[in-house]
>>> print(open('work16.csv').read())   # CSV, C-alpha atoms
chain,number,residue,atom,x,y,z
Y,128,MET,CA,-30.6,3.3,16.2
Y,129,SER,CA,-31.8,2.8,12.6
Y,130,ALA,CA,-29.5,5.6,11.4
Y,131,ALA,CA,-26.5,3.9,13.0
Y,132,LEU,CA,-27.4,0.6,11.2
Y,133,GLU,CA,-27.6,2.4,7.8
Y,134,LYS,CA,-23.9,3.2,8.1
Y,135,PRO,CA,-21.3,0.7,7.0
Y,136,GLN,CA,-20.4,-1.7,9.8
Y,137,ILE,CA,-16.9,-3.2,10.2
Y,138,ILE,CA,-17.4,-6.8,11.5
Y,139,ALA,CA,-14.5,-9.0,12.7
Y,140,HIS,CA,-15.5,-12.2,11.0
Y,141,ILE,CA,-12.6,-14.5,11.9
Y,142,GLN,CA,-9.6,-14.0,14.2
Y,143,LYS,CA,-6.5,-16.2,14.3
Y,144,SER,CA,-3.5,-16.1,16.6
Y,145,LEU,CA,-0.1,-16.7,15.1
Y,146,ASN,CA,3.2,-17.8,16.5
Y,147,TYR,CA,5.2,-15.2,14.8
Y,148,THR,CA,5.3,-11.4,14.2
Y,149,VAL,CA,3.3,-10.7,11.0
Y,150,PHE,CA,4.3,-7.6,9.0
Y,151,GLU,CA,2.0,-7.9,5.9
Y,152,SER,CA,-1.0,-9.9,4.7
Y,153,ARG,CA,-2.2,-10.0,1.1
Y,154,TRP,CA,-5.1,-11.6,-0.6
Y,155,ILE,CA,-4.2,-14.1,-3.3
Y,156,PRO,CA,-6.1,-12.9,-6.4
Y,157,CYS,CA,-9.1,-14.9,-7.6
Y,158,SER,CA,-9.3,-17.0,-4.4
Y,159,ALA,CA,-10.5,-17.2,-0.9
Y,160,LYS,CA,-6.9,-17.4,0.3
Y,161,PHE,CA,-4.4,-14.9,1.7
Y,162,VAL,CA,-0.8,-15.0,2.5
Y,163,CYS,CA,0.8,-13.7,5.8
Y,164,MET,CA,4.4,-12.6,5.9
Y,165,GLY,CA,6.7,-12.0,8.9
Y,166,ASN,CA,9.4,-13.5,11.1
Y,167,PHE,CA,9.7,-16.1,13.8
Y,168,ALA,CA,11.3,-15.3,17.1
Y,169,ARG,CA,14.3,-17.4,16.0
Y,170,GLY,CA,15.0,-14.8,13.3
Y,171,THR,CA,13.9,-16.6,10.2
Y,172,GLY,CA,11.2,-15.5,7.7
Y,173,VAL,CA,7.8,-17.1,7.3
Y,174,MET,CA,5.0,-17.1,4.7
Y,175,GLN,CA,1.7,-18.7,5.7
Y,176,ILE,CA,-1.2,-19.3,3.3
Y,177,TYR,CA,-4.7,-19.4,4.8
Y,178,GLU,CA,-8.0,-20.3,3.2
Y,179,ILE,CA,-11.4,-19.4,4.4
Y,180,GLN,CA,-13.5,-22.5,4.8
Y,181,HIS,CA,-17.0,-22.5,6.4
Y,182,GLY,CA,-16.2,-19.5,8.5
Y,183,GLU,CA,-12.8,-20.9,9.7
Y,184,LEU,CA,-9.2,-20.2,8.7
Y,185,LYS,CA,-7.4,-23.3,7.4
Y,186,LEU,CA,-3.6,-23.3,7.2
Y,187,VAL,CA,-2.8,-24.5,3.6
Y,188,LYS,CA,0.9,-24.0,3.6
Y,189,GLU,CA,3.8,-22.7,5.8
Y,190,ILE,CA,7.1,-21.7,4.2
Y,191,GLU,CA,10.1,-20.8,6.3
Y,192,LYS,CA,12.9,-18.7,4.7
Y,193,PRO,CA,16.3,-17.6,6.1
Y,194,LYS,CA,15.5,-13.9,6.4
Y,195,PRO,CA,12.5,-12.1,8.0
Y,196,ILE,CA,10.0,-11.0,5.3
Y,197,LYS,CA,8.8,-7.4,5.6
Y,198,CYS,CA,6.5,-6.8,2.7
Y,199,GLY,CA,4.9,-8.4,-0.4
Y,200,THR,CA,2.8,-7.7,-3.5
Y,201,PHE,CA,1.1,-9.6,-6.3
Y,202,GLY,CA,0.8,-6.4,-8.4
Y,203,ALA,CA,3.4,-7.4,-11.1
Y,204,SER,CA,2.2,-10.9,-11.6
Y,205,SER,CA,-0.3,-12.3,-14.1
Y,206,LEU,CA,-3.6,-13.7,-12.9
Y,207,GLN,CA,-2.5,-17.1,-14.2
Y,208,HIS,CA,0.7,-17.3,-12.2
Y,209,ARG,CA,-0.1,-15.2,-9.1
Y,210,HIS,CA,3.5,-14.9,-8.1
Y,211,LEU,CA,4.3,-13.1,-4.9
Y,212,ALA,CA,7.1,-10.5,-4.8
Y,213,THR,CA,8.6,-10.1,-1.3
Y,214,GLY,CA,11.2,-7.8,0.3
Y,215,ASP,CA,13.2,-9.0,3.3
Y,216,PHE,CA,15.3,-7.7,6.1
Y,217,ASP,CA,18.5,-8.3,4.2
Y,218,GLY,CA,17.6,-6.2,1.2
Y,219,ASN,CA,16.6,-9.2,-1.1
Y,220,LEU,CA,13.7,-9.0,-3.6
Y,221,ASN,CA,12.3,-12.4,-4.3
Y,222,VAL,CA,9.5,-13.5,-6.5
Y,223,TRP,CA,7.8,-16.8,-5.4
Y,224,ASN,CA,5.6,-19.3,-7.1
Y,225,LEU,CA,3.5,-20.2,-4.0
Y,226,GLU,CA,2.7,-23.6,-5.6
Y,227,ALA,CA,6.4,-24.5,-5.5
Y,228,PRO,CA,8.0,-22.1,-3.1
Y,229,GLU,CA,11.3,-23.9,-2.4
Y,230,CYS,CA,13.3,-21.6,-4.7
Y,231,PRO,CA,12.3,-18.1,-6.0
Y,232,VAL,CA,11.5,-17.7,-9.7
Y,233,TYR,CA,13.4,-14.4,-9.5
Y,234,SER,CA,15.8,-13.2,-6.9
Y,235,VAL,CA,18.1,-10.1,-6.6
Y,236,LYS,CA,20.0,-8.4,-3.9
Y,237,ALA,CA,18.0,-5.2,-4.4
Y,238,HIS,CA,19.2,-3.0,-1.5
Y,239,LYS,CA,22.0,-2.8,1.1
Y,240,GLU,CA,19.5,-2.7,4.0
Y,241,ILE,CA,15.9,-3.8,4.8
Y,242,ILE,CA,13.2,-3.3,2.1
Y,243,ASN,CA,10.4,-1.5,3.9
Y,244,GLY,CA,7.9,-1.4,1.1
Y,245,VAL,CA,7.1,-3.0,-2.3
Y,246,ASP,CA,4.5,-2.4,-4.9
Y,247,GLY,CA,3.7,-3.9,-8.3
Y,248,VAL,CA,2.0,-2.7,-11.5
Y,249,GLY,CA,1.4,-4.1,-15.0
Y,250,GLY,CA,0.1,-7.4,-13.6
Y,251,LEU,CA,-3.4,-8.7,-12.6
Y,252,GLY,CA,-4.8,-6.7,-15.5
Y,253,ILE,CA,-4.1,-3.4,-13.6
Y,254,GLY,CA,-2.0,-0.8,-15.3
Y,255,ASP,CA,-0.7,-0.7,-18.9
Y,256,GLY,CA,2.9,-1.4,-19.8
Y,257,ALA,CA,5.5,-3.8,-18.5
Y,258,PRO,CA,5.1,-5.7,-15.3
Y,259,GLU,CA,7.3,-3.9,-12.8
Y,260,ILE,CA,8.1,-4.2,-9.0
Y,261,LEU,CA,8.9,-1.1,-6.9
Y,262,THR,CA,11.1,-1.3,-3.8
Y,263,GLY,CA,12.0,1.3,-1.1
Y,264,SER,CA,14.6,0.7,1.5
Y,265,ARG,CA,16.3,2.0,4.6
Y,266,ASP,CA,19.4,2.6,2.5
Y,267,GLY,CA,17.6,5.7,1.0
Y,268,THR,CA,17.1,4.4,-2.5
Y,269,VAL,CA,13.9,3.6,-4.5
Y,270,LYS,CA,14.2,1.1,-7.3
Y,271,VAL,CA,12.1,-0.3,-10.1
Y,272,TRP,CA,12.6,-3.9,-11.2
Y,273,ASP,CA,11.5,-6.0,-14.2
Y,274,SER,CA,11.6,-9.7,-13.4
Y,275,ARG,CA,12.6,-10.4,-17.0
Y,276,GLN,CA,15.8,-8.4,-16.4
Y,277,LYS,CA,18.4,-10.0,-14.1
Y,278,ASP,CA,20.4,-8.2,-11.4
Y,279,THR,CA,20.0,-4.5,-12.4
Y,280,PRO,CA,17.1,-2.3,-11.7
Y,281,VAL,CA,15.2,-0.5,-14.6
Y,282,VAL,CA,15.4,2.7,-12.5
Y,283,ASN,CA,17.4,3.7,-9.4
Y,284,MET,CA,16.3,6.8,-7.6
Y,285,GLU,CA,18.9,7.7,-5.0
Y,286,PRO,CA,19.9,10.9,-3.2
Y,287,MET,CA,22.3,13.2,-5.1
Y,288,GLU,CA,25.9,13.2,-4.0
Y,289,GLY,CA,26.3,15.3,-0.8
Y,290,GLU,CA,22.6,14.8,0.1
Y,291,GLY,CA,21.9,12.9,3.3
Y,292,LYS,CA,20.1,9.6,2.7
Y,293,ARG,CA,16.7,9.2,4.3
Y,294,ASP,CA,15.0,6.0,5.3
Y,295,CYS,CA,12.3,5.2,2.7
Y,296,TRP,CA,9.3,3.8,4.5
Y,297,THR,CA,6.7,3.4,1.8
Y,298,VAL,CA,6.4,3.3,-2.0
Y,299,ALA,CA,3.5,3.2,-4.5
Y,300,PHE,CA,3.0,3.1,-8.3
Y,301,GLY,CA,0.4,5.3,-10.1
Y,302,HIS,CA,-0.5,7.0,-13.4
Y,303,ALA,CA,0.0,3.8,-15.4
Y,304,PHE,CA,-2.9,4.6,-17.7
Y,305,ASN,CA,-1.0,4.0,-21.0
Y,306,ASP,CA,2.1,2.2,-22.2
Y,307,GLN,CA,4.4,5.2,-21.7
Y,308,ASP,CA,3.2,7.0,-18.5
Y,309,ARG,CA,4.0,5.7,-15.0
Y,310,CYS,CA,4.8,7.5,-11.7
Y,311,VAL,CA,6.3,6.4,-8.5
Y,312,CYS,CA,5.6,8.0,-5.1
Y,313,ALA,CA,7.9,7.5,-2.1
Y,314,GLY,CA,7.5,8.5,1.5
Y,315,TYR,CA,10.4,9.0,3.9
Y,316,ASP,CA,11.1,9.0,7.7
Y,317,ASN,CA,11.6,12.8,7.7
Y,318,GLY,CA,8.2,13.6,6.2
Y,319,ASP,CA,9.4,14.0,2.6
Y,320,ILE,CA,7.0,12.8,-0.2
Y,321,LYS,CA,8.6,12.6,-3.6
Y,322,LEU,CA,6.8,11.9,-6.9
Y,323,PHE,CA,9.0,10.5,-9.7
Y,324,ASP,CA,7.9,10.6,-13.4
Y,325,LEU,CA,9.3,7.4,-15.0
Y,326,ARG,CA,8.5,8.6,-18.5
Y,327,ASN,CA,10.6,11.7,-18.2
Y,328,MET,CA,13.0,10.2,-15.6
Y,329,SER,CA,12.6,13.3,-13.4
Y,330,LEU,CA,11.4,14.3,-10.0
Y,331,ARG,CA,8.0,15.8,-10.7
Y,332,TRP,CA,7.0,17.1,-7.3
Y,333,GLU,CA,8.1,16.9,-3.7
Y,334,THR,CA,6.6,18.2,-0.4
Y,335,ASN,CA,7.1,17.6,3.3
Y,336,ILE,CA,4.3,16.7,5.8
Y,337,LYS,CA,6.5,17.3,8.9
Y,338,ASN,CA,6.1,13.7,10.2
Y,339,GLY,CA,7.4,10.4,9.0
Y,340,VAL,CA,5.4,9.0,6.1
Y,341,CYS,CA,4.1,5.5,7.0
Y,342,SER,CA,2.0,4.8,3.9
Y,343,VAL,CA,1.3,6.3,0.5
Y,344,GLU,CA,-1.3,5.0,-2.0
Y,345,PHE,CA,-2.9,6.3,-5.2
Y,346,ASP,CA,-6.7,5.7,-5.3
Y,347,ARG,CA,-6.1,3.8,-8.6
Y,348,LYS,CA,-2.8,2.8,-10.2
Y,349,ASP,CA,-4.1,2.5,-13.7
Y,350,ILE,CA,-5.8,5.9,-14.3
Y,351,ASN,CA,-4.5,9.4,-15.0
Y,352,MET,CA,-3.4,10.4,-11.4
Y,353,ASN,CA,-6.5,11.3,-9.4
Y,354,LYS,CA,-5.8,11.3,-5.7
Y,355,LEU,CA,-3.0,10.3,-3.4
Y,356,VAL,CA,-3.3,9.5,0.3
Y,357,ALA,CA,-0.3,9.8,2.6
Y,358,THR,CA,-0.4,8.7,6.3
Y,359,SER,CA,2.0,9.7,9.0
Y,360,LEU,CA,3.2,9.4,12.6
Y,361,GLU,CA,1.2,11.5,15.1
Y,362,GLY,CA,-2.1,10.4,13.7
Y,363,LYS,CA,-2.6,12.6,10.6
Y,364,PHE,CA,-3.2,11.7,6.9
Y,365,HIS,CA,-3.2,13.9,3.8
Y,366,VAL,CA,-5.3,13.6,0.7
Y,367,PHE,CA,-3.8,15.2,-2.4
Y,368,ASP,CA,-5.8,16.0,-5.5
Y,369,MET,CA,-3.3,14.9,-8.2
Y,370,ARG,CA,-5.3,16.2,-11.2
Y,371,THR,CA,-4.0,19.8,-11.2
Y,372,GLN,CA,-0.4,20.7,-10.4
Y,373,HIS,CA,0.3,24.4,-9.8
Y,374,PRO,CA,3.8,25.5,-10.8
Y,375,SER,CA,4.7,26.8,-7.3
Y,376,LYS,CA,1.9,25.5,-5.0
Y,377,GLY,CA,2.0,21.9,-6.2
Y,378,PHE,CA,-1.1,19.8,-5.5
Y,379,ALA,CA,-4.1,20.9,-3.3
Y,380,SER,CA,-4.6,18.8,-0.2
Y,381,VAL,CA,-6.8,18.2,2.8
Y,382,THR,CA,-5.4,17.0,6.1
Y,383,GLU,CA,-7.3,15.0,8.7
Y,384,LYS,CA,-6.3,14.1,12.3
Y,385,ALA,CA,-7.6,10.6,12.3
Y,386,HIS,CA,-6.1,8.6,15.1
Y,387,LYS,CA,-4.4,9.5,18.4
Y,388,SER,CA,-1.3,7.5,17.3
Y,389,THR,CA,0.6,6.5,14.1
Y,390,VAL,CA,-1.5,5.8,11.0
Y,391,TRP,CA,0.3,2.7,9.8
Y,392,GLN,CA,-1.5,2.1,6.5
Y,393,VAL,CA,-4.1,3.3,4.0
Y,394,ARG,CA,-5.9,1.1,1.5
Y,395,HIS,CA,-8.5,2.2,-1.1
Y,396,LEU,CA,-11.5,0.0,-1.8
Y,397,PRO,CA,-10.8,-1.7,-5.2
Y,398,GLN,CA,-14.5,-1.3,-6.2
Y,399,ASN,CA,-14.8,2.4,-5.2
Y,400,ARG,CA,-11.8,4.7,-5.3
Y,401,ASP,CA,-13.3,7.4,-3.1
Y,402,ILE,CA,-13.6,5.0,-0.1
Y,403,PHE,CA,-10.5,4.1,1.9
Y,404,MET,CA,-9.5,2.6,5.2
Y,405,THR,CA,-6.7,3.7,7.6
Y,406,ALA,CA,-5.1,1.5,10.1
Y,407,GLY,CA,-3.9,2.9,13.4
Y,408,GLY,CA,-1.2,2.4,16.1
Y,409,ALA,CA,-3.9,2.0,18.8
Y,410,GLY,CA,-5.4,-1.1,17.1
Y,411,ASN,CA,-8.2,0.8,15.3
Y,412,LEU,CA,-9.5,1.1,11.8
Y,413,HIS,CA,-11.2,4.1,10.3
Y,414,LEU,CA,-13.3,4.0,7.1
Y,415,TRP,CA,-13.4,7.2,5.1
Y,416,LYS,CA,-15.1,8.7,2.1
Y,417,TYR,CA,-13.7,11.5,0.0
Y,418,GLU,CA,-16.1,14.1,-1.1
Y,419,TYR,CA,-15.1,16.2,-4.2
Y,420,PRO,CA,-15.6,20.0,-4.1
Y,421,ALA,CA,-18.1,21.6,-6.5
Y,422,GLN,CA,-15.2,22.6,-8.7
Y,423,ARG,CA,-11.8,20.8,-8.6
Y,424,THR,CA,-9.9,23.7,-10.1
Y,425,LYS,CA,-9.8,27.5,-9.8
Y,426,LYS,CA,-7.6,30.3,-11.2
Y,427,ASP,CA,-5.0,32.0,-9.1
Y,428,SER,CA,-4.2,35.8,-9.4
Y,429,ASP,CA,-2.1,35.1,-12.5
Y,430,GLU,CA,-4.9,33.1,-14.2
Y,431,VAL,CA,-3.0,29.8,-13.7
Y,432,ASP,CA,-5.0,26.7,-12.8
Y,433,MET,CA,-4.7,25.4,-9.2
Y,434,GLY,CA,-6.4,22.5,-7.6
Y,435,VAL,CA,-9.2,22.6,-5.0
Y,436,ALA,CA,-9.2,20.0,-2.2
Y,437,GLY,CA,-12.4,18.3,-1.2
Y,438,SER,CA,-13.2,16.9,2.3
Y,439,VAL,CA,-13.2,13.5,4.0
Y,440,ASN,CA,-16.1,12.1,6.0
Y,441,LEU,CA,-15.7,9.4,8.6
Y,442,LEU,CA,-18.1,6.5,7.8
Y,443,GLN,CA,-17.2,4.1,10.6
Y,444,ASN,CA,-14.4,3.2,13.0
Y,445,VAL,CA,-13.7,0.2,15.2
Y,446,THR,CA,-11.0,-0.9,17.7
Y,447,LEU,CA,-9.8,-4.5,17.1
Y,448,SER,CA,-6.7,-4.7,19.1
Y,449,THR,CA,-4.5,-3.1,21.8
Y,450,GLN,CA,-1.5,-3.3,19.4
Y,451,PRO,CA,-0.9,-1.4,16.1
Y,452,ILE,CA,-2.6,-2.8,13.0
Y,453,SER,CA,0.4,-2.9,10.7
Y,454,SER,CA,-1.2,-4.3,7.5
Y,455,LEU,CA,-4.5,-4.1,5.7
Y,456,ASP,CA,-5.6,-5.5,2.3
Y,457,TRP,CA,-9.0,-5.4,0.6
Y,458,SER,CA,-10.1,-8.5,-1.4
Y,459,PRO,CA,-9.9,-7.5,-5.1
Y,460,ASP,CA,-12.8,-10.0,-5.8
Y,461,LYS,CA,-15.3,-9.6,-3.1
Y,462,GLN,CA,-16.4,-6.1,-2.1
Y,463,GLY,CA,-16.0,-5.4,1.7
Y,464,LEU,CA,-13.9,-8.5,2.5
Y,465,CYS,CA,-10.7,-7.4,4.1
Y,466,VAL,CA,-7.7,-8.9,5.9
Y,467,ALA,CA,-5.9,-7.1,8.7
Y,468,SER,CA,-2.8,-8.2,10.7
Y,469,SER,CA,-1.5,-6.6,13.8
Y,470,PHE,CA,1.4,-6.7,16.3
Y,471,ASP,CA,-0.6,-8.8,18.8
Y,472,GLN,CA,0.5,-11.6,16.5
Y,473,SER,CA,-3.0,-12.0,15.1
Y,474,VAL,CA,-4.6,-11.9,11.7
Y,475,ARG,CA,-8.3,-11.0,11.2
Y,476,VAL,CA,-10.7,-11.4,8.4
Y,477,LEU,CA,-13.2,-8.5,8.3
Y,478,ILE,CA,-16.4,-7.8,6.5
Y,479,VAL,CA,-17.4,-4.2,5.8
Y,480,THR,CA,-21.1,-3.9,5.0
Y,481,LYS,CA,-23.2,-1.4,3.1
Y,482,LEU,CA,-20.3,-0.1,1.0
Y,483,ASN,CA,-22.5,0.3,-2.1
Y,484,THR,CA,-24.9,2.6,-0.3
Y,485,VAL,CA,-22.6,5.3,1.0
>>> encode(input="work16.csv", output="structure tokens")
Amino acid sequence: MSAALEKPQIIAHIQKSLNYTVFESRWIPCSAKFVCMGNFARGTGVMQIYEIQHGELKLVKEIEKPKPIKCGTFGASSLQHRHLATGDFDGNLNVWNLEAPECPVYSVKAHKEIINGVDGVGGLGIGDGAPEILTGSRDGTVKVWDSRQKDTPVVNMEPMEGEGKRDCWTVAFGHAFNDQDRCVCAGYDNGDIKLFDLRNMSLRWETNIKNGVCSVEFDRKDINMNKLVATSLEGKFHVFDMRTQHPSKGFASVTEKAHKSTVWQVRHLPQNRDIFMTAGGAGNLHLWKYEYPAQRTKKDSDEVDMGVAGSVNLLQNVTLSTQPISSLDWSPDKQGLCVASSFDQSVRVLIVTKLNTV
């Protein structure tokens, strides 16, 4: 019994039922508030801001918009402004001041179809260089936006002429450790993972994990690329060691069969990049720790460096719902505080204990 208590525990602290389908929840930096994004049954979009007060969730503000909202990020905003960038079902990218959300502070028709994923970098003190927003869409394109530049993307990554377009499900920034370097990772419905180098404007690496890629995330955006986790349909996730790229074999990886169903999302703990949580289609959460190998590189037969993958250990798992947990976000300010939303039209505030002892 004592050994079980020494492990981290995932505690459902507060649960709130909602009257709409929630797609994403994000902590508002430097606050006890988070924002939920989704759509009402009548087909409009909604953002709700909740604050934790005395162990209860208090609705601070509800904002209704014409189009359903699929995803959002604070990653390109300053800590002073805390503007939320959202992608909607109509392909619009909007940046909102949540204090005055009537009109967006930046708006662009970013894609022809739904924006499935957004990410931001260069804001919140995370990542060097310009604040930029990344969008991935069903129309097959991945674009980088600077909110100081109207109407046109900074970068547009689309299939070559003659290539079939694939539905882009997830996008992530990484490698933003100086003013020049920045990488973009995108995952697609056919299992493709593509890594774009924004400094050289080139496709740096691609692979296929044989199942639709639901979520990709670097363990840190603002360091020399270290690890990348990609989750997929059919319950698998892959951890790539991004430090050593072999000319033909690419990056070393370890694969784990985590859930019996789709792994919807992965989120790394902001205070410890080797701990991450995966959210599953059967309403469960799994907490993992990556263990590095004794040596991260070895020589191949031609004396060329190649990476060595480590291993992943399951620290804890819990079932919260009968429906998929579609969104997960760690609090950047309080270690172990987490918000999860699921397709049972609920949002839950979780506390994960003993994270500093694993």
>>> atom_distance(input="work16.csv", atom1="atom CA of Y:Glu133", atom2="atom CA of Y:Leu184")
29.2 Å
>>> atom_distance(input="work16.csv", atom1="atom CA of Y:Lys134", atom2="atom CA of Y:Phe364")
22.4 Å
>>> residues_near_point(input="work16.csv", point="(-0.9, 30.0, -9.4)", cutoff="12 Å", atoms="all atoms listed in the file", output="ChimeraX atom specification")
/Y:371-379,424-435
>>> closest_residue(input="work16.csv", among="Y:Val248, Y:Ile179, Y:Leu482, Y:Val340", to="Y:Gly314", atoms="all atoms listed in the file")
Y:Val340
>>> atom_distance(input="work16.csv", atom1="atom CA of Y:Phe201", atom2="atom CA of Y:Arg309")
17.8 Å
>>> residues_around(input="work16.csv", residues="stretch 171-178 of chain Y", least_positions_apart="6", cutoff="8 Å", atoms="all atoms listed in the file", output="MDAnalysis selection string")
chainID Y and resid 159:165 184:196
>>> write_last_selection(input="work16.csv", atoms="C-alpha atoms", output="mmCIF file, in the coordinates of the input")
data_model
loop_
_atom_site.group_PDB
_atom_site.id
_atom_site.type_symbol
_atom_site.label_atom_id
_atom_site.label_comp_id
_atom_site.auth_asym_id
_atom_site.auth_seq_id
_atom_site.Cartn_x
_atom_site.Cartn_y
_atom_site.Cartn_z
ATOM 1 C CA ALA Y 159 -10.500 -17.200 -0.900
ATOM 2 C CA LYS Y 160 -6.900 -17.400 0.300
ATOM 3 C CA PHE Y 161 -4.400 -14.900 1.700
ATOM 4 C CA VAL Y 162 -0.800 -15.000 2.500
ATOM 5 C CA CYS Y 163 0.800 -13.700 5.800
ATOM 6 C CA MET Y 164 4.400 -12.600 5.900
ATOM 7 C CA GLY Y 165 6.700 -12.000 8.900
ATOM 8 C CA LEU Y 184 -9.200 -20.200 8.700
ATOM 9 C CA LYS Y 185 -7.400 -23.300 7.400
ATOM 10 C CA LEU Y 186 -3.600 -23.300 7.200
ATOM 11 C CA VAL Y 187 -2.800 -24.500 3.600
ATOM 12 C CA LYS Y 188 0.900 -24.000 3.600
ATOM 13 C CA GLU Y 189 3.800 -22.700 5.800
ATOM 14 C CA ILE Y 190 7.100 -21.700 4.200
ATOM 15 C CA GLU Y 191 10.100 -20.800 6.300
ATOM 16 C CA LYS Y 192 12.900 -18.700 4.700
ATOM 17 C CA PRO Y 193 16.300 -17.600 6.100
ATOM 18 C CA LYS Y 194 15.500 -13.900 6.400
ATOM 19 C CA PRO Y 195 12.500 -12.100 8.000
ATOM 20 C CA ILE Y 196 10.000 -11.000 5.300
#
>>> closest_residue(input="work16.csv", among="Y:Pro286, Y:Gly244, Y:Pro397, Y:Gly256", to="Y:Phe150", atoms="only C-alpha atoms")
Y:Gly244
>>> closest_residue(input="work16.csv", among="Y:Lys321, Y:Arg153, Y:Arg265, Y:Lys348", to="Y:Leu464", atoms="all atoms listed in the file")
Y:Arg153
>>> build_atoms(input="work16.csv", residues="stretch 294-300 of chain Y", atoms="all heavy atoms", output="CSV table (one decimal), keeping the file's coordinate frame")
chain,number,residue,atom,x,y,z
Y,294,ASP,N,15.6,7.3,5.3
Y,294,ASP,CA,15.0,6.0,5.3
Y,294,ASP,C,13.6,6.0,4.6
Y,294,ASP,O,12.7,6.8,4.9
Y,294,ASP,CB,14.7,5.6,6.8
Y,294,ASP,CG,14.3,4.2,7.0
Y,294,ASP,OD1,13.9,3.5,6.1
Y,294,ASP,OD2,14.3,3.8,8.2
Y,295,CYS,N,13.5,5.3,3.5
Y,295,CYS,CA,12.3,5.2,2.7
Y,295,CYS,C,11.4,4.2,3.3
Y,295,CYS,O,11.7,3.0,3.4
Y,295,CYS,CB,12.6,4.9,1.2
Y,295,CYS,SG,11.1,4.7,0.3
Y,296,TRP,N,10.2,4.6,3.8
Y,296,TRP,CA,9.3,3.8,4.5
Y,296,TRP,C,8.2,3.2,3.6
Y,296,TRP,O,7.7,2.1,3.9
Y,296,TRP,CB,8.6,4.5,5.6
Y,296,TRP,CG,9.5,4.7,6.8
Y,296,TRP,CD1,10.7,4.2,7.1
Y,296,TRP,CD2,9.2,5.5,8.0
Y,296,TRP,NE1,11.2,4.6,8.3
Y,296,TRP,CE2,10.3,5.4,8.9
Y,296,TRP,CE3,8.1,6.2,8.4
Y,296,TRP,CZ2,10.3,6.0,10.2
Y,296,TRP,CZ3,8.1,6.9,9.7
Y,296,TRP,CH2,9.2,6.7,10.5
Y,297,THR,N,7.9,3.8,2.5
Y,297,THR,CA,6.7,3.4,1.8
Y,297,THR,C,6.8,3.8,0.3
Y,297,THR,O,7.4,4.9,0.0
Y,297,THR,CB,5.4,4.0,2.4
Y,297,THR,OG1,4.3,3.6,1.5
Y,297,THR,CG2,5.5,5.5,2.6
Y,298,VAL,N,6.3,3.0,-0.6
Y,298,VAL,CA,6.4,3.3,-2.0
Y,298,VAL,C,5.1,2.9,-2.7
Y,298,VAL,O,4.4,2.0,-2.2
Y,298,VAL,CB,7.5,2.6,-2.8
Y,298,VAL,CG1,8.9,3.2,-2.4
Y,298,VAL,CG2,7.5,1.1,-2.5
Y,299,ALA,N,4.7,3.6,-3.8
Y,299,ALA,CA,3.5,3.2,-4.5
Y,299,ALA,C,3.6,3.6,-6.0
Y,299,ALA,O,4.2,4.6,-6.4
Y,299,ALA,CB,2.3,4.0,-3.9
Y,300,PHE,N,3.1,2.8,-6.9
Y,300,PHE,CA,3.0,3.1,-8.3
Y,300,PHE,C,1.7,3.8,-8.6
Y,300,PHE,O,0.7,3.7,-7.9
Y,300,PHE,CB,2.9,1.8,-9.1
Y,300,PHE,CG,4.2,1.2,-9.5
Y,300,PHE,CD1,4.6,-0.1,-9.2
Y,300,PHE,CD2,5.1,1.9,-10.3
Y,300,PHE,CE1,5.8,-0.7,-9.6
Y,300,PHE,CE2,6.3,1.4,-10.7
Y,300,PHE,CZ,6.6,0.1,-10.4
